[in-house]
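**Student:** Okay, so here is run34.cif, and as you'll see once you scroll down, it has mmCIF, C-alpha atoms and all ligand atoms.
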data_input
#
loop_
_atom_site.group_PDB
_atom_site.id
_atom_site.type_symbol
_atom_site.label_atom_id
_atom_site.label_comp_id
_atom_site.auth_asym_id
_atom_site.auth_seq_id
_atom_site.Cartn_x
_atom_site.Cartn_y
_atom_site.Cartn_z
ATOM 1 C CA MET A 11 31.352 -79.584 25.403
ATOM 2 C CA LEU A 12 29.383 -77.106 23.238
ATOM 3 C CA THR A 13 31.713 -74.259 24.290
ATOM 4 C CA ASP A 14 34.716 -76.385 23.369
ATOM 5 C CA PHE A 15 33.178 -77.215 19.979
ATOM 6 C CA LEU A 16 32.343 -73.561 19.248
ATOM 7 C CA LEU A 17 35.802 -72.341 20.295
ATOM 8 C CA ALA A 18 37.499 -75.099 18.253
ATOM 9 C CA SER A 19 35.410 -74.227 15.166
ATOM 10 C CA LEU A 20 36.141 -70.503 15.512
ATOM 11 C CA HIS A 21 39.812 -71.288 16.038
ATOM 12 C CA HIS A 22 39.986 -73.252 12.776
ATOM 13 C CA LEU A 23 38.076 -70.582 10.819
ATOM 14 C CA LEU A 24 40.396 -67.848 12.088
ATOM 15 C CA VAL A 25 43.501 -69.895 11.269
ATOM 16 C CA PHE A 26 42.084 -70.442 7.770
ATOM 17 C CA GLY A 27 41.413 -66.693 7.358
ATOM 18 C CA LEU A 28 44.853 -65.752 8.660
ATOM 19 C CA VAL A 29 46.686 -68.102 6.281
ATOM 20 C CA ALA A 30 44.456 -67.144 3.306
ATOM 21 C CA MET A 31 45.223 -63.459 3.789
ATOM 22 C CA LEU A 32 48.937 -64.021 4.135
ATOM 23 C CA VAL A 33 49.007 -66.171 0.980
ATOM 24 C CA ALA A 34 47.069 -63.457 -0.888
ATOM 25 C CA GLU A 35 49.628 -60.860 0.282
ATOM 26 C CA SER A 36 52.460 -63.081 -0.908
ATOM 27 C CA VAL A 37 50.831 -63.488 -4.360
ATOM 28 C CA LEU A 38 50.163 -59.745 -4.722
ATOM 29 C CA LEU A 39 53.773 -58.985 -3.786
ATOM 30 C CA GLY A 40 54.873 -61.249 -6.666
ATOM 31 C CA GLY A 41 53.179 -59.110 -9.346
ATOM 32 C CA ALA A 42 53.151 -55.493 -10.511
ATOM 33 C CA ILE A 43 52.343 -53.082 -7.690
ATOM 34 C CA ASP A 44 50.050 -50.193 -8.572
ATOM 35 C CA ARG A 45 47.746 -48.010 -6.497
ATOM 36 C CA ARG A 46 44.919 -50.557 -6.511
ATOM 37 C CA VAL A 47 47.234 -53.365 -5.423
ATOM 38 C CA LEU A 48 48.529 -51.155 -2.608
ATOM 39 C CA GLN A 49 44.922 -50.649 -1.418
ATOM 40 C CA ARG A 50 44.306 -54.396 -1.490
ATOM 41 C CA LEU A 51 47.549 -55.131 0.356
ATOM 42 C CA ALA A 52 46.617 -52.664 3.103
ATOM 43 C CA GLY A 53 43.102 -54.195 3.330
ATOM 44 C CA LEU A 54 44.447 -57.752 3.507
ATOM 45 C CA ASP A 55 46.962 -56.735 6.118
ATOM 46 C CA MET A 56 44.227 -55.228 8.266
ATOM 47 C CA GLY A 57 42.177 -58.440 7.945
ATOM 48 C CA TYR A 58 45.279 -60.427 8.851
ATOM 49 C CA GLY A 59 45.799 -58.294 11.985
ATOM 50 C CA ILE A 60 42.151 -58.680 13.042
ATOM 51 C CA CYS A 61 42.348 -62.488 12.579
ATOM 52 C CA ALA A 62 45.573 -62.619 14.618
ATOM 53 C CA VAL A 63 44.066 -60.668 17.544
ATOM 54 C CA LEU A 64 40.856 -62.765 17.501
ATOM 55 C CA LEU A 65 42.947 -65.934 17.270
ATOM 56 C CA ILE A 66 44.825 -65.004 20.451
ATOM 57 C CA LEU A 67 41.514 -64.323 22.248
ATOM 58 C CA VAL A 68 39.865 -67.541 21.031
ATOM 59 C CA GLY A 69 43.099 -69.488 21.730
ATOM 60 C CA ILE A 70 43.156 -68.184 25.312
ATOM 61 C CA GLY A 71 39.458 -69.137 25.494
ATOM 62 C CA ARG A 72 40.359 -72.693 24.475
ATOM 63 C CA VAL A 73 43.095 -72.881 27.134
ATOM 64 C CA VAL A 74 40.805 -71.579 29.868
ATOM 65 C CA ALA A 75 37.453 -73.128 28.853
ATOM 66 C CA GLY A 76 38.536 -76.116 26.698
ATOM 67 C CA ILE A 77 37.735 -79.679 27.780
ATOM 68 C CA LYS A 78 41.374 -80.517 28.681
ATOM 69 C CA GLY A 79 41.761 -77.747 31.289
ATOM 70 C CA HIS A 80 44.456 -75.073 31.441
ATOM 71 C CA ASP A 81 46.964 -77.289 33.327
ATOM 72 C CA PHE A 82 47.249 -79.508 30.241
ATOM 73 C CA TYR A 83 48.630 -76.559 28.244
ATOM 74 C CA LEU A 84 50.591 -74.572 30.808
ATOM 75 C CA HIS A 85 52.916 -77.545 31.443
ATOM 76 C CA ASN A 86 53.052 -78.519 27.789
ATOM 77 C CA PRO A 87 56.320 -77.614 25.988
ATOM 78 C CA TRP A 88 54.575 -77.821 22.582
ATOM 79 C CA PHE A 89 52.102 -75.175 23.690
ATOM 80 C CA HIS A 90 55.003 -72.842 24.525
ATOM 81 C CA ALA A 91 56.739 -73.645 21.207
ATOM 82 C CA LYS A 92 53.513 -72.936 19.351
ATOM 83 C CA LEU A 93 52.775 -69.692 21.172
ATOM 84 C CA GLY A 94 56.397 -68.523 20.946
ATOM 85 C CA THR A 95 56.485 -69.132 17.185
ATOM 86 C CA PHE A 96 53.153 -67.336 16.784
ATOM 87 C CA VAL A 97 54.529 -64.345 18.704
ATOM 88 C CA VAL A 98 57.630 -64.285 16.437
ATOM 89 C CA VAL A 99 55.305 -64.239 13.380
ATOM 90 C CA GLY A 100 53.365 -61.367 14.976
ATOM 91 C CA VAL A 101 56.519 -59.353 15.608
ATOM 92 C CA LEU A 102 57.807 -59.992 12.062
ATOM 93 C CA SER A 103 54.471 -58.915 10.573
ATOM 94 C CA VAL A 104 54.875 -55.390 11.980
ATOM 95 C CA LEU A 105 57.406 -54.609 9.254
ATOM 96 C CA PRO A 106 55.128 -55.305 6.221
ATOM 97 C CA THR A 107 52.278 -53.458 7.974
ATOM 98 C CA VAL A 108 54.392 -50.338 8.428
ATOM 99 C CA ARG A 109 55.746 -50.632 4.858
ATOM 100 C CA PHE A 110 52.271 -51.069 3.277
ATOM 101 C CA LEU A 111 50.959 -48.026 5.125
ATOM 102 C CA ARG A 112 53.983 -45.967 4.039
ATOM 103 C CA TRP A 113 53.524 -47.055 0.398
ATOM 104 C CA ARG A 114 49.825 -46.206 0.504
ATOM 105 C CA LYS A 115 50.589 -42.752 1.917
ATOM 106 C CA ALA A 116 53.212 -42.164 -0.780
ATOM 107 C CA ALA A 117 50.735 -43.294 -3.469
ATOM 108 C CA ALA A 118 48.105 -40.897 -2.110
ATOM 109 C CA ALA A 119 50.567 -38.015 -2.355
ATOM 110 C CA ASN A 120 51.931 -39.058 -5.749
ATOM 111 C CA PRO A 121 49.581 -41.038 -8.081
ATOM 112 C CA ILE A 122 52.482 -42.468 -10.118
ATOM 113 C CA PHE A 123 54.359 -43.721 -7.032
ATOM 114 C CA VAL A 124 55.651 -47.303 -7.344
ATOM 115 C CA PRO A 125 57.619 -48.973 -4.519
ATOM 116 C CA GLY A 126 61.182 -50.044 -5.348
ATOM 117 C CA ASP A 127 61.753 -53.609 -6.609
ATOM 118 C CA ALA A 128 64.210 -54.433 -3.817
ATOM 119 C CA GLU A 129 61.771 -53.230 -1.158
ATOM 120 C CA VAL A 130 58.927 -55.293 -2.640
ATOM 121 C CA ALA A 131 61.159 -58.386 -2.895
ATOM 122 C CA GLY A 132 62.184 -57.916 0.752
ATOM 123 C CA MET A 133 58.549 -57.806 1.884
ATOM 124 C CA ARG A 134 57.708 -60.845 -0.274
ATOM 125 C CA ARG A 135 60.528 -62.830 1.349
ATOM 126 C CA LEU A 136 59.388 -61.771 4.807
ATOM 127 C CA VAL A 137 55.753 -62.750 4.174
ATOM 128 C CA ARG A 138 56.891 -66.138 2.837
ATOM 129 C CA PHE A 139 59.073 -66.648 5.888
ATOM 130 C CA GLU A 140 56.022 -65.923 8.069
ATOM 131 C CA LEU A 141 54.145 -68.632 6.153
ATOM 132 C CA ILE A 142 56.946 -71.118 6.808
ATOM 133 C CA LEU A 143 56.835 -70.296 10.523
ATOM 134 C CA LEU A 144 53.049 -70.761 10.472
ATOM 135 C CA ALA A 145 53.591 -74.229 8.988
ATOM 136 C CA ALA A 146 55.702 -74.999 12.076
ATOM 137 C CA VAL A 147 52.847 -73.667 14.275
ATOM 138 C CA PHE A 148 50.542 -76.320 12.732
ATOM 139 C CA VAL A 149 53.024 -79.091 13.605
ATOM 140 C CA PHE A 150 53.455 -77.759 17.163
ATOM 141 C CA ALA A 151 49.641 -77.607 17.481
ATOM 142 C CA ALA A 152 49.290 -81.301 16.584
ATOM 143 C CA ALA A 153 52.073 -82.258 19.032
ATOM 144 C CA MET A 154 50.530 -80.027 21.714
ATOM 145 C CA ALA A 155 47.085 -81.625 21.412
ATOM 146 C CA ARG A 156 48.652 -85.089 21.848
ATOM 147 C CA HIS A 157 51.175 -84.237 24.578
ATOM 148 C CA GLY A 158 51.612 -87.143 26.955
ATOM 149 C CA GLY A 159 50.360 -89.627 24.370
ATOM 150 C CA LEU A 160 52.989 -89.120 21.654
HETATM 151 C C1 LIG A 201 48.338 -69.095 13.490
HETATM 152 C C2 LIG A 201 48.266 -69.514 14.730
HETATM 153 C C3 LIG A 201 47.670 -70.827 15.104
HETATM 154 C C4 LIG A 201 47.551 -71.985 14.380
HETATM 155 C C5 LIG A 201 48.008 -72.246 12.946
HETATM 156 C C6 LIG A 201 46.906 -72.950 15.222
HETATM 157 C C7 LIG A 201 46.582 -74.230 14.837
HETATM 158 C C8 LIG A 201 45.917 -75.139 15.619
HETATM 159 C C9 LIG A 201 45.503 -76.455 15.186
HETATM 160 C C10 LIG A 201 45.739 -77.044 13.789
HETATM 161 C C11 LIG A 201 44.904 -77.060 16.251
HETATM 162 C C12 LIG A 201 44.324 -78.476 16.290
HETATM 163 C C13 LIG A 201 45.379 -79.421 16.837
HETATM 164 C C14 LIG A 201 44.907 -80.859 16.820
HETATM 165 O O1 LIG A 201 43.838 -81.159 17.405
HETATM 166 O O2 LIG A 201 45.610 -81.716 16.238
HETATM 167 C C15 LIG A 201 44.930 -76.127 17.347
HETATM 168 C C16 LIG A 201 44.424 -76.364 18.595
HETATM 169 C C17 LIG A 201 44.531 -75.498 19.672
HETATM 170 N N1 LIG A 201 45.095 -74.238 19.676
HETATM 171 FE FE1 LIG A 201 45.826 -73.264 18.071
HETATM 172 N N2 LIG A 201 46.652 -72.363 16.446
HETATM 173 C C18 LIG A 201 47.099 -71.062 16.419
HETATM 174 C C19 LIG A 201 47.061 -70.131 17.453
HETATM 175 C C20 LIG A 201 46.728 -70.418 18.747
HETATM 176 C C21 LIG A 201 46.884 -69.539 19.866
HETATM 177 C C22 LIG A 201 47.423 -68.110 19.772
HETATM 178 C C23 LIG A 201 46.472 -70.218 20.982
HETATM 179 C C24 LIG A 201 46.463 -69.822 22.432
HETATM 180 C C25 LIG A 201 46.641 -68.615 22.920
HETATM 181 C C26 LIG A 201 46.035 -71.520 20.555
HETATM 182 C C27 LIG A 201 45.512 -72.504 21.384
HETATM 183 C C28 LIG A 201 45.045 -73.729 20.955
HETATM 184 C C29 LIG A 201 44.396 -74.709 21.830
HETATM 185 C C30 LIG A 201 44.165 -74.557 23.321
HETATM 186 C C31 LIG A 201 44.083 -75.813 21.027
HETATM 187 C C32 LIG A 201 43.396 -77.118 21.475
HETATM 188 C C33 LIG A 201 44.396 -78.257 21.451
HETATM 189 C C34 LIG A 201 43.804 -79.526 22.035
HETATM 190 O O3 LIG A 201 42.917 -80.116 21.438
HETATM 191 O O4 LIG A 201 44.271 -79.916 23.114
HETATM 192 N N3 LIG A 201 46.211 -71.603 19.181
HETATM 193 N N4 LIG A 201 45.555 -74.965 16.944
#
Could you render the structure from this file as structure tokens?
Ligand code: HEM
**Tutor:**
Amino acid sequence: MLTDFLLASLHHLLVFGLVAMLVAESVLLGGAIDRRVLQRLAGLDMGYGICAVLLILVGIGRVVAGIKGHDFYLHNPWFHAKLGTFVVVGVLSVLPTVRFLRWRKAAAANPIFVPGDAEVAGMRRLVRFELILLAAVFVFAAAMARHGGL
């Protein structure tokens, strides 16, 4: 019971951190991008990646050591929808990560470097799309937890 409570609490905190960092990225991508903003974007993106990896580990912990038992999830279509959507978000997030690192490298080589407007707008759209997919993950999570009783 205590393990389940601790894993559930960690899970919620990590989800909160993950969403907060993605929202912050989206806001920063909506303003002027200078060297300092590029540093912050790269830092946020690293925090986002760390949260995502920890979330997978804690999520697996909940499946294996949670009070409902792993069978409840492995035969639960909402669990697969949730995990699949989360994986899609993870794959999509590779693009902004690579782009932020490239921008930071360019800014280190050239102090007046500014990324192109179209490129920034593309990344902003992608980050917002990730947020929309994460909203779906929340809905799948609620359905998953109540599978069999919906
Ligand atoms: C951004 C990604 C994620 C979000 C937004 C999210 C969200 C949530 C939410 C809101 C709940 C509570 C559901 C409820 O009680 O109504 C939950 C529960 C849970 N999540 Fe996640 N989650 C994420 C990632 C993961 C991953 C990657 C895994 C597994 C590998 C996972 C496994 C679980 C488990 C096992 C529960 C317990 C459900 C139950 O009470 O039966 N989650 N999640």
**Student:** Between A:Lys78, A:Leu38, A:Phe96, A:Ile142, which is the closest to Ala52 (chain A) once you count only C-alpha atoms?
**Tutor:** A:Leu38
**Student:** Would you compute, for all listed atoms of region 29-43 of chain A, the axis-aligned bounding box grown by 6 Å on each side, and then report its centre and edge lengths in Å rounded to one decimal, as JSON?
**Tutor:**
{"center_x": 49.7, "center_y": -60.6, "center_z": -2.1, "size_x": 22.4, "size_y": 27.0, "size_z": 28.8}
**Student:** Identify the residues within 9 Å of coordinate (52.2, -74.6, 18.9) (same frame as the file), considering all atoms listed in the file, and give the answer as a ChimeraX atom specification.
**Tutor:** /A:87-96,146-154
**Student:** Using the chain letters and numbering of this document, enumerate as a tab-separated table (two decimals) with C-alpha atoms, keeping the file's coordinate frame the residues selected by the PyMOL selection byres (((chain A and resi 122) around 12) and not hetatm).
**Tutor:**
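Result saved to result_9.tsv:
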chain	number	residue	atom	x	y	z
A	43	ILE	CA	52.34	-53.08	-7.69
A	44	ASP	CA	50.05	-50.19	-8.57
A	45	ARG	CA	47.75	-48.01	-6.50
A	46	ARG	CA	44.92	-50.56	-6.51
A	113	TRP	CA	53.52	-47.06	0.40
A	114	ARG	CA	49.82	-46.21	0.50
A	116	ALA	CA	53.21	-42.16	-0.78
A	117	ALA	CA	50.74	-43.29	-3.47
A	118	ALA	CA	48.10	-40.90	-2.11
A	119	ALA	CA	50.57	-38.02	-2.36
A	120	ASN	CA	51.93	-39.06	-5.75
A	121	PRO	CA	49.58	-41.04	-8.08
A	123	PHE	CA	54.36	-43.72	-7.03
A	124	VAL	CA	55.65	-47.30	-7.34
A	125	PRO	CA	57.62	-48.97	-4.52
**Student:** From the options A:Cys61, A:Met31, A:Leu51, A:Leu17, which residue's atoms come nearest to Arg112 (chain A), counting all atoms listed in the file?
**Tutor:**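 Among the listed residues, A:Leu51 lies closest to Arg112 (chain A).
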**Student:** Kindly extract all protein, DNA and RNA residues lying within 12 Å of the coordinates (36.6, -71.5, 26.2) given in the file, considering only C-alpha atoms, and supply them as a list in words.
**Tutor:**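 Residues found, by chain and rising number: Met11, Leu12, Thr13, Asp14, Phe15, Leu16, Leu17, Ala18, Ser19, Leu20, His21, Ile66, Leu67, Val68, Gly69, Ile70, Gly71, Arg72, Val73, Val74, Ala75, Gly76, Ile77, Lys78, Gly79 and His80 of chain A.
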**Student:** As a check of understanding, name the residues that the PyMOL selection byres (((chain A and resi 62) around 12) and not hetatm) selects in the supplied structure, as an MDAnalysis selection string.
**Tutor:** chainID A and resid 21 23:29 31:32 55:61 63:69 96:97 99:101 103 144
**Student:** My list of candidates is A:Leu136, A:Gly53, A:Asp81, A:Ala30. Which is closest to Leu102 (chain A) when distances are computed with only C-alpha atoms?
**Tutor:** A:Leu136
**Student:** Calculated over only C-alpha atoms and all ligand atoms, which of the candidates A:Asp127, A:Val104, A:Ser36, A:His22 has the smallest distance to ligand LIG 201 (chain A)?
**Tutor:**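 Nearest to ligand LIG 201 (chain A): A:His22.
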**Student:** Separation of CA of Gly132 (chain A) and atom N4 of ligand LIG 201 (chain A), in Å?
**Tutor:**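 Atom N4 of ligand LIG 201 (chain A) lies at a distance of 28.8 Å from CA of Gly132 (chain A).
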**Student:** Which one of A:Ala42, A:Leu111, A:Ala34, A:Val98 sits closest to ligand LIG 201 (chain A) if you count all atoms listed in the file?
**Tutor:**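 Closest to ligand LIG 201 (chain A), using all atoms listed in the file: A:Val98.
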**Student:** To one decimal place in Å, what is the distance between atom C1 of ligand LIG 201 (chain A) and CA of Arg50 (chain A)?
**Tutor:**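 Answer for the atom C1 of ligand LIG 201 (chain A) to CA of Arg50 (chain A) separation: 21.4 Å.
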**Student:** Which is closest to ligand LIG 201 (chain A) among A:Leu54, A:Asn86, A:Ala128, A:Gly41, if we use all atoms listed in the file?
**Tutor:**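 Going through A:Leu54, A:Asn86, A:Ala128, A:Gly41 one by one, the smallest distance to ligand LIG 201 (chain A) is for A:Asn86.
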